[in-house]
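Below is one structure, written out as structure tokens, with a few remarks after it.
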Amino acid sequence: MLAGAPMASAPQLLPASLSPEAVLRDVFGHPAFRGRQAEVVHAVVDGHDALAVMPTGAGKSICYQVPSLVRPGTGLVVSPLKALMRDQVRALRANGVRAASLSGDEPDPAGVLRAARAGELDILYLTPERATSPGFADRLEDVPLALIAIDEAHCISQWGHDFRPEYRKLRAFADNFPGVPRLGLTATADTQTRADILAQLGIAPERLVVAGFDRPNIRYEVRAKDVPHAQILEVIRAQPGSGILYASTRDLVERTAEWLRGQGIDARAYHAGMDEAARTANQDAFATAERMAMVATIAFGMGIDKPDVRWVIHLGLPKSIEAYYQETGRAGRDGDPAVAHMLWGTDDVQRMRRWIDGGDANEERKREEHARLAGLIAFAECTGCRRAPLLTHFGEPAPPPCGNCDNCLNPPALIDVTQDARKFLSAVYRTGQRFGTGHLIAVLLGQPNERTARLGHDKLTVWGLGTPSSAAHWKAVGQALIAADALRADEHGGLSFGPAARTILRGEALSTMREPTARPARSSRGRVPAPGAPVPNPIDDPMFDRLRAARRDLAAAASVPPYVIFHDSTLRAIAALRPATLSDLGTVAGVGARKLDAYGPAMLAAVKG
């Protein structure tokens with residue numbers, strides 16, 4: 001059945017007087033709300049507006065799905081991506097919820113609206129373009145609304161990492177329905193962005209609920225982008241299951257996906273320049289796969305529902321800490337261990353600085369963007385617990401060492417390079433602030449060549465000033481100075497002073513950096529899992545494999561991804577409980593009434609073997 005079509009065959013499962021807790025248990029199979037879900041749900045059920053800022057995986061969708069089933073009428077959900085709507089609709093229908101969407105692809109949009117007017121829809125998803133199109137609010141005049149939820153609400157803010165102008169019209173749309181509670185939801189919003197969202201949606205500041213940003217199951221790792229192919233393979237080999245690799249350009253996406261396939265890895269590409277049918281096919285394949293690499297630009301991601309993404313790799317710096325948090329948050333939504341691995345270099349820093357300076361924004365906005373970039377670089381350069389700069393960026397106190405990031409697991413060795421930083425800056429100044437790192441290292445090490453002789457740089461006072469340190473050491477010093485904004489590169493790689501250079505030259509700032517380590521080998525060792533290879537059994541129990549096989553068959557028969565049937569965590573709980581009856585199976589978290597009826601017999605058969 002298409003995502004936009006009404007689900008006429010699904011009966012209304014619940015009496016109107018059912019409590020949020022009962023809906024959570026009977027429809028979704030969860031024994032209790034998590035974190036601050038209950039606070040948001042009860043506020044909306046009572047008719048209040050709210051803005052919920054919750055980390056990915058904290059269950060934001062429950063915050064509008066449960067009230068939509070408890071309050072009279074249809075819950076209206078504005079979502080920016082058609083793929084997200086499709087995932088949400090099929091997951092809701094698997095739980096017996098009457099859900100549909102109006103995204104522009106449905107064959108009978110008038111039929112969807114007729115179903116809503118007849119009280120035959122519990123939840124209706126809309127794109128922001130559809131919601132704010134001329135006359136659309138009038139077409140909803142006869143539809144009783146339970147609530148208006150605006151997902152990915154950071155898109156409404158100019159300070160959000162994915163600002164979308166059409167979102168700015170959503171308050172005017174919501175104002176057409178006085179008395180209907182409005183709920184904004186996002187996983188990523190710093191203090192400035194939260195204030196802007198509240199103002200843009202007309203939600204009172206006291207209605208803000210911030211659930212915290214820590215994702216303890218994600219291991220954060222950041223490395224210099226030395227030999228990216230070998231580094232990528234190392235991450236993929238170490239992590240079972242599927243993952244996402246983010247690249248900065250469409251061409252890099254295509255080339256990386258092709259290279260991964262050449263390494264025997266099932267890899268797909270996704271970017272805005274692809275044919276929409278091809279993008280959809282690749283996303284559907286990724287949603288269904290138990291082991292696959294999706295190589296994508298940031299066009300892929302927002303609202304990705306796949307709970308078992310085990311790794312996310314950034315091949316270069318993301319746009320901001322907010323973007324990084326949002327994109328890495330697609331890993332480990334099921335709460336199981338996952339890794340977020342970032343490979344970066346000073347070429348990323350230089351590219352982003354040029355992009356900011358060359359943009360059309362006013363000077364105030366450019367200063368803000370440079371400050372955000374500085375925060376991202378500070379995270380990448382961090383030598384302590386990675387969670388400290390990440391969480392303090394969102395206004396949370398610095399946590400104790402987490403024990404689940406690269407710096408906590410393997411504390412880096414630091415060296416004082418204050419004097420070497422001054423020597424490098426002096427070389428930049430004496431040579432005229434227009435040469436690249438390679439030339440400057442040759443000068444510092446006193447390595448004669450035709451160019452240094454022709455320019456007379458072998459006669460400068462800085463000639464040979466950098467011996468006996470190695471070229472690798474001086475390259476690392478130069479990279480640290482670029483990251484600190486003491487040096488900036490032009491489009492040809494020529495280095496000149498940045499804002500922080502003077503304080504270092506005057507001796508007013510100490511400089512430390514990680515001790516350079518040996519470059520990884522260019523050849524990768526170890527075996528990469530072949531396409532279609534089974535994902536390792538996380539609990540080493542043959543019953544888990546039988547349950548997973550049964551789930552795979554049920555998903556294929558229903559044309560939905562396996563996680564729509566049951567999450568891995570539910571399968572593990574079934575394997576641990578070994579239920580003998582449907583009644584026993586119904587006590588497992590994630591097994592609601594509709595799923596118990598539809599899939600329970602197959603699960604019990606798998607338990608019995």
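Within each chain, counting starts at residue 1; across the structure tokens, chains are named A, B, ... in the order shown, with ligands numbered 1 upward in that order.
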- [ ] Excluding Pro240 of chain A and any residue of its chain fewer than 5 positions from it, enumerate the residues within 8 Å of it, using only C-alpha atoms, and give them as number ranges by chain.
- [x] A: 291, 310, 535-536
Quick one: write out the picked residues with all heavy atoms as an mmCIF file, in the first residue's frame?
data_model
loop_
_atom_site.group_PDB
_atom_site.id
_atom_site.type_symbol
_atom_site.label_atom_id
_atom_site.label_comp_id
_atom_site.auth_asym_id
_atom_site.auth_seq_id
_atom_site.Cartn_x
_atom_site.Cartn_y
_atom_site.Cartn_z
ATOM 1 N N ARG A 291 23.635 -5.290 6.488
ATOM 2 C CA ARG A 291 25.027 -4.836 6.364
ATOM 3 C C ARG A 291 25.173 -4.117 5.033
ATOM 4 O O ARG A 291 25.079 -4.719 3.972
ATOM 5 C CB ARG A 291 25.987 -6.016 6.442
ATOM 6 C CG ARG A 291 27.427 -5.633 6.097
ATOM 7 C CD ARG A 291 28.384 -6.797 6.299
ATOM 8 N NE ARG A 291 28.934 -6.770 7.643
ATOM 9 C CZ ARG A 291 29.221 -7.848 8.355
ATOM 10 N NH1 ARG A 291 28.975 -9.034 7.859
ATOM 11 N NH2 ARG A 291 29.739 -7.749 9.565
ATOM 12 N N ARG A 310 25.310 1.159 12.770
ATOM 13 C CA ARG A 310 26.361 0.873 13.744
ATOM 14 C C ARG A 310 27.546 1.831 13.630
ATOM 15 O O ARG A 310 28.348 1.925 14.557
ATOM 16 C CB ARG A 310 26.864 -0.568 13.577
ATOM 17 C CG ARG A 310 25.797 -1.623 13.805
ATOM 18 C CD ARG A 310 25.700 -2.036 15.280
ATOM 19 N NE ARG A 310 25.287 -1.009 16.195
ATOM 20 C CZ ARG A 310 24.022 -0.740 16.531
ATOM 21 N NH1 ARG A 310 23.034 -1.412 16.000
ATOM 22 N NH2 ARG A 310 23.757 0.202 17.403
ATOM 23 N N VAL A 535 25.450 -10.609 9.714
ATOM 24 C CA VAL A 535 25.931 -9.766 10.800
ATOM 25 C C VAL A 535 26.202 -10.668 12.004
ATOM 26 O O VAL A 535 25.402 -11.550 12.311
ATOM 27 C CB VAL A 535 24.883 -8.693 11.152
ATOM 28 C CG1 VAL A 535 25.359 -7.845 12.314
ATOM 29 C CG2 VAL A 535 24.611 -7.821 9.946
ATOM 30 N N PRO A 536 27.326 -10.462 12.698
ATOM 31 C CA PRO A 536 27.617 -11.320 13.851
ATOM 32 C C PRO A 536 26.488 -11.312 14.869
ATOM 33 O O PRO A 536 25.824 -10.302 15.081
ATOM 34 C CB PRO A 536 28.892 -10.694 14.421
ATOM 35 C CG PRO A 536 29.534 -10.006 13.262
ATOM 36 C CD PRO A 536 28.406 -9.511 12.415
#
Open item on the list: So that I can see what lies close to Pro468 of chain A, please list as a list of chain:residue names the residues with an atom at most 8 Å from it, counting only C-alpha atoms and leaving out residues fewer than 2 positions away in the same chain.
Closed with: A:Leu445, A:Gly466, A:Ser470
Dump of N, CA and C atoms for the selected residues, as a PDB file, in the first residue's frame:
ATOM      1  N   LEU A 445      63.999  23.850   7.330  1.00  0.00           N
ATOM      2  CA  LEU A 445      64.963  22.758   7.443  1.00  0.00           C
ATOM      3  C   LEU A 445      66.243  23.032   6.657  1.00  0.00           C
ATOM      4  N   GLY A 466      64.731  25.425  11.683  1.00  0.00           N
ATOM      5  CA  GLY A 466      63.905  24.332  12.187  1.00  0.00           C
ATOM      6  C   GLY A 466      64.616  23.016  12.369  1.00  0.00           C
ATOM      7  N   SER A 470      61.874  17.060  12.300  1.00  0.00           N
ATOM      8  CA  SER A 470      61.548  16.429  11.024  1.00  0.00           C
ATOM      9  C   SER A 470      60.533  17.255  10.238  1.00  0.00           C
TER      10      SER A 470
END
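Note that the spacing between atom CA of Gln231 of chain A and atom CA of Pro400 of chain A amounts to 28.8 Å.
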- [ ] Pick out the closest residue to Thr288 of chain A from this set: A:Asp357, A:Asp87, A:Glu508, A:Glu221. Count only C-alpha atoms.
- [x]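 Counting only C-alpha atoms, the residue closest to Thr288 of chain A is A:Asp87.
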Task: Expected answer as a PyMOL selection string: alpha helix (DSSP H) residues in segment 310-442 of chain A - done: chain A and resi 321-328+346-357+363-381+387-393+406-409+418-430+437-442
- [ ] Select, from A:Pro178, A:Gly498, A:Gly273, A:Gly202, the residue with the minimum atom-to-atom distance to Glu141 of chain A, counting only C-alpha atoms.
- [x]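 Selected residue with least distance to Glu141 of chain A: A:Pro178.
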Excluding segment 448-460 of chain A and any residue of its chain fewer than 2 positions from it, enumerate the residues within 12 Å of it, using only C-alpha atoms, and give them as a PDB file with C-alpha atoms, in the first residue's frame.
ATOM      1  CA  SER A 426      58.433  33.915  11.444  1.00  0.00           C
ATOM      2  CA  ALA A 427      59.116  31.874   8.324  1.00  0.00           C
ATOM      3  CA  VAL A 428      55.693  32.822   6.979  1.00  0.00           C
ATOM      4  CA  TYR A 429      56.384  36.510   7.650  1.00  0.00           C
ATOM      5  CA  ARG A 430      59.970  36.568   6.282  1.00  0.00           C
ATOM      6  CA  THR A 431      58.963  34.878   3.033  1.00  0.00           C
ATOM      7  CA  GLY A 432      56.172  37.367   2.391  1.00  0.00           C
ATOM      8  CA  PHE A 435      53.938  30.440   0.241  1.00  0.00           C
ATOM      9  CA  GLY A 438      56.016  22.579   1.630  1.00  0.00           C
ATOM     10  CA  HIS A 439      58.089  25.645   0.744  1.00  0.00           C
ATOM     11  CA  LEU A 440      58.098  26.896   4.325  1.00  0.00           C
ATOM     12  CA  ILE A 441      59.287  23.519   5.631  1.00  0.00           C
ATOM     13  CA  ALA A 442      62.125  23.540   3.084  1.00  0.00           C
ATOM     14  CA  VAL A 443      63.179  26.962   4.406  1.00  0.00           C
ATOM     15  CA  LEU A 444      62.955  25.925   8.052  1.00  0.00           C
ATOM     16  CA  LEU A 445      64.963  22.758   7.443  1.00  0.00           C
ATOM     17  CA  GLY A 446      67.507  24.512   5.204  1.00  0.00           C
ATOM     18  CA  VAL A 462      64.921  31.732   9.321  1.00  0.00           C
ATOM     19  CA  TRP A 463      66.867  29.485   6.900  1.00  0.00           C
ATOM     20  CA  GLY A 464      67.605  26.204   8.697  1.00  0.00           C
ATOM     21  CA  LEU A 465      66.012  27.485  11.913  1.00  0.00           C
TER      22      LEU A 465
END
Task: Separation of atom CA of Glu152 of chain A from atom CA of Leu185 of chain A, in Å and rounded to one decimal - done: 5.8 Å
TODO: Please provide the set of residues having any atom within 9 Å of Arg551 of chain A, restricted to only C-alpha atoms, with same-chain residues fewer than 3 positions apart removed, written as a ChimeraX atom specification.
DONE: /A:546-548,554-556,562-563,565-566,571,599,602-603
Open item on the list: Which residue is closest to Glu120 of chain A? Choose from A:Leu233, A:Leu391, A:Val97, A:Ala483 and count only C-alpha atoms.
Closed with: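 Closest residue, counting only C-alpha atoms: A:Val97.
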Open item on the list: For Asp26 of chain A, find every residue with an atom within 10 Å (counting only C-alpha atoms), except residues of its own chain fewer than 5 positions away, and show them as JSON, numbers by chain.
Closed with: {"A": [13, 14, 20, 21, 31, 95, 586, 590, 591, 592, 593, 594]}
Task: Residues within 9 Å of Pro601 of chain A, only C-alpha atoms, excluding chain neighbours under 4 positions, as an MDAnalysis selection string - done: chainID A and resid 581:582 596:597 605:606
Task: Counting only C-alpha atoms, the residue of A:Arg354, A:Gln65, A:Asp190, A:Leu24 that sits nearest Gly212 of chain A - done: A:Asp190
Open item on the list: With distances taken over only C-alpha atoms, which residue among A:His341, A:Arg552, A:Lys225, A:Arg387 lies nearest Gln479 of chain A?
Closed with: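 Going through A:His341, A:Arg552, A:Lys225, A:Arg387 one by one, the smallest distance to Gln479 of chain A is for A:Lys225.
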Task: Which residue of A:Lys423, A:Arg215, A:Arg502, A:Arg255 approaches Gly478 of chain A most closely, using only C-alpha atoms - done: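 Using only C-alpha atoms, the shortest distance to Gly478 of chain A belongs to A:Lys423.
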TODO: Can you work out the spacing between atom CA of Ser68 of chain A and atom CA of Arg25 of chain A in Å, to one decimal?
DONE: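 Spanning atom CA of Ser68 of chain A to atom CA of Arg25 of chain A is a straight-line distance of 15.0 Å.
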